[in-house]
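Report on one structure; see the data block that follows.
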Amino acid sequence: MKSLVKSIISVVSGVLFGVFMATLLILHPEPQIPHSYETVSKHYDINQKQAIRRSVNSSVRVVSMDLAEGNISTLSGTYFTFRGRFYVLSSAHGVLNDCSGLLAFHDQQSVPCIKMIVKDKDKDYVIFEVEEMVDRIPIKVPRALASWKKSYNLLDKTYYTGYPNSMGPTTWTGNISGFTGDYLIVQSYAWSGASGSGVFDERGELIGIIMALDVGTTEFGYQILNSFVIVVPIWQVDFGSLLE
């Protein structure tokens with residue numbers, strides 16, 4: 001009898017948790033003051049405001065669902081346009097399948113993946129095609145992409161908008177702190193859910209996407225360094241795949 005009761009409690013708890021997560025991920029409450037460019041501090045100059053505007057207006061939430069396994073993954077992404085079509089750039093590590101069960105969200109609008117353009121697990125990025133999103137302003141590729149000589153200098157200021165800890169959208173500033181192998185190190189804040197967020201420089205050009213956080217070790221064990229943000233630089237992304 002006790003075993004039966006425990007089983008029932010376990011099932012009910014699982015169902016309630018599933019409902020809670022679905023509500024959090026899809027029907028999350030909206031802020032009373034919209035997260036928009038119009039609410040940006042007046043203390044920034046024109047170039048910085050352009051960067052913040054592009055970051056805020058092109059940010060989307062990416063949800064990947066594996067219905068067969070009952071798994072859900074949440075990411076952030078950047079909405080962009082190329083030759084009259086619309087796409088989302090995000091991280092590959094959170095995409096559970098290919099196009100199936102993959103959606104981009106903002107506010108009350110969601111658009112499904114139409115076509116998977118490229119999914120590079122080694123460099124950790126994904127590009128997929130979507131329908132036009134009426135409440136988003138896409139960045140224009142290749143015009144909005146950063147150039148190596150102008151946009152990758154130590155302590156250059158950066159901006160990103162995303163969904164760290166599955167909350168948001170929220171907008172964060174940071175600085176380029178260094179380079180390691182084929183990646184950038186940005187001092188900012190990130191957490192699970194921020195992966196795939198587009199990182200912009202002070203000119204409003206896209207310099208990369210958030211991939212991961214670093215992990216440090218002390219005598220007390222491992223510790224996640226949530227201000228040590230690893231970024232895939234934009235030169236690693238093959239936008240030529242859009243022509244295929």
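Letters A, B, ... mark the chains of the structure tokens in the order given; residue numbers begin at 1 per chain; ligand numbers begin at 1, in order shown.
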
*Non-local contacts of Ser197 of chain A (9 Å; only C-alpha atoms; under 3 positions in same chain excluded) as an MDAnalysis selection string*: chainID A and resid 59:61 75:78 89:91 160:163 193:194 208:211

*Where does DSSP see strand (DSSP E) in segment 84-189 of chain A, if you list the residues as a PyMOL selection string?*
chain A and resi 85-90+102-106+109-112+115-120+125-130+139-140+157-162+170-180+183-187

*Spatial neighbours of Thr81 of chain A, 9 Å, only C-alpha atoms, chain gap at least 3 places, as a ChimeraX atom specification*: /A:84-88,138-141

*What does the distance between atom CA of Ala212 of chain A and atom CA of Arg54 of chain A come to in Å, to one decimal place?*
22.2 Å

Between segment 148-241 of chain A and segment 94-107 of chain A, at 9 Å or less, what are the per-residue closest atom pairs and their distances in Å? Count only C-alpha atoms, order by chain and rising residue number, and return it as a tab-separated table.
residue	atom	partner	partner_atom	distance
A:Pro169	CA	A:His106	CA	9.0
A:Gly193	CA	A:Gly94	CA	9.0
A:Ser195	CA	A:Gly94	CA	8.1
A:Gly196	CA	A:Gly94	CA	8.9

*asked:* Can you tell me which residues surround segment 237-239 of chain A at a distance of at most 9 Å, considering only C-alpha atoms, apart from same-chain residues fewer than 4 positions away, and format the answer as a ChimeraX atom specification?
replied: /A:118,120,123,125-127,141-142,208,232-233,243

Report as JSON lines the residues of segment 53-160 of chain A within 9 Å of segment 175-189 of chain A, each with its shortest atom pair and distance in Å (one decimal), using only C-alpha atoms, ordered by chain and increasing residue number.
{"residue": "A:Tyr152", "atom": "CA", "partner": "A:Ile176", "partner_atom": "CA", "distance": 7.5}
{"residue": "A:Asn153", "atom": "CA", "partner": "A:Ile176", "partner_atom": "CA", "distance": 6.9}
{"residue": "A:Leu154", "atom": "CA", "partner": "A:Ile176", "partner_atom": "CA", "distance": 5.3}
{"residue": "A:Leu155", "atom": "CA", "partner": "A:Ile176", "partner_atom": "CA", "distance": 4.8}
{"residue": "A:Asp156", "atom": "CA", "partner": "A:Asn175", "partner_atom": "CA", "distance": 5.4}
{"residue": "A:Lys157", "atom": "CA", "partner": "A:Asn175", "partner_atom": "CA", "distance": 4.5}
{"residue": "A:Thr158", "atom": "CA", "partner": "A:Asn175", "partner_atom": "CA", "distance": 5.4}
{"residue": "A:Tyr159", "atom": "CA", "partner": "A:Asn175", "partner_atom": "CA", "distance": 8.5}

Go ahead and write the residues just picked, N, CA and C atoms, as a CSV table (one decimal), in the first residue's frame.
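What follows is the written file again-v2.csv:
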chain,number,residue,atom,x,y,z
A,152,TYR,N,37.4,43.7,-32.2
A,152,TYR,CA,37.9,42.7,-31.3
A,152,TYR,C,39.2,43.2,-30.6
A,153,ASN,N,39.0,44.2,-29.8
A,153,ASN,CA,40.0,44.8,-29.0
A,153,ASN,C,39.8,44.7,-27.5
A,154,LEU,N,40.9,44.5,-26.8
A,154,LEU,CA,40.8,44.3,-25.3
A,154,LEU,C,40.0,45.4,-24.7
A,155,LEU,N,39.1,45.1,-23.8
A,155,LEU,CA,38.3,46.0,-23.0
A,155,LEU,C,37.2,46.8,-23.8
A,156,ASP,N,37.1,46.4,-25.1
A,156,ASP,CA,35.9,47.0,-25.9
A,156,ASP,C,34.6,46.6,-25.2
A,157,LYS,N,33.7,47.5,-25.1
A,157,LYS,CA,32.4,47.2,-24.5
A,157,LYS,C,31.5,46.4,-25.3
A,158,THR,N,30.8,45.5,-24.7
A,158,THR,CA,29.9,44.6,-25.4
A,158,THR,C,28.5,44.6,-24.8
A,159,TYR,N,27.5,44.2,-25.6
A,159,TYR,CA,26.1,44.1,-25.1
A,159,TYR,C,25.4,42.8,-25.6

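One finds atom CA of Thr74 of chain A at 20.1 Å from atom CA of Ser227 of chain A.
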
*Do you have the atom CA of Ala144 of chain A-atom CA of Tyr79 of chain A distance handy?*
11.9 Å

Could you list, as a CSV table (one decimal) with C-alpha atoms, in the first residue's frame, every residue within 12 Å of Arg143 of chain A, counting only C-alpha atoms and ignoring same-chain residues fewer than 4 positions away?
chain,number,residue,atom,x,y,z
A,80,PHE,CA,18.3,38.2,-38.8
A,81,THR,CA,17.5,38.7,-42.4
A,82,PHE,CA,19.3,37.8,-45.6
A,83,ARG,CA,18.0,38.3,-49.1
A,138,PRO,CA,16.1,41.6,-37.6
A,139,ILE,CA,19.7,42.6,-38.1
A,147,SER,CA,35.0,43.3,-38.8
A,203,ARG,CA,28.9,50.1,-33.0
A,204,GLY,CA,26.0,47.7,-33.0
A,205,GLU,CA,27.8,45.1,-35.0
A,206,LEU,CA,27.4,41.4,-34.1

*Between A:Ile46, A:Val62, A:Leu67, A:Ala92, single out the one closest to Val111 of chain A, counting only C-alpha atoms.*
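Answer, going by the shortest atom-to-atom distance: A:Val62.
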
*List every residue of segment 48-121 of chain A that DSSP, applied to the backbone of this structure, places in alpha helix (DSSP H), and write the result as a ChimeraX atom specification.*
/A:48-58
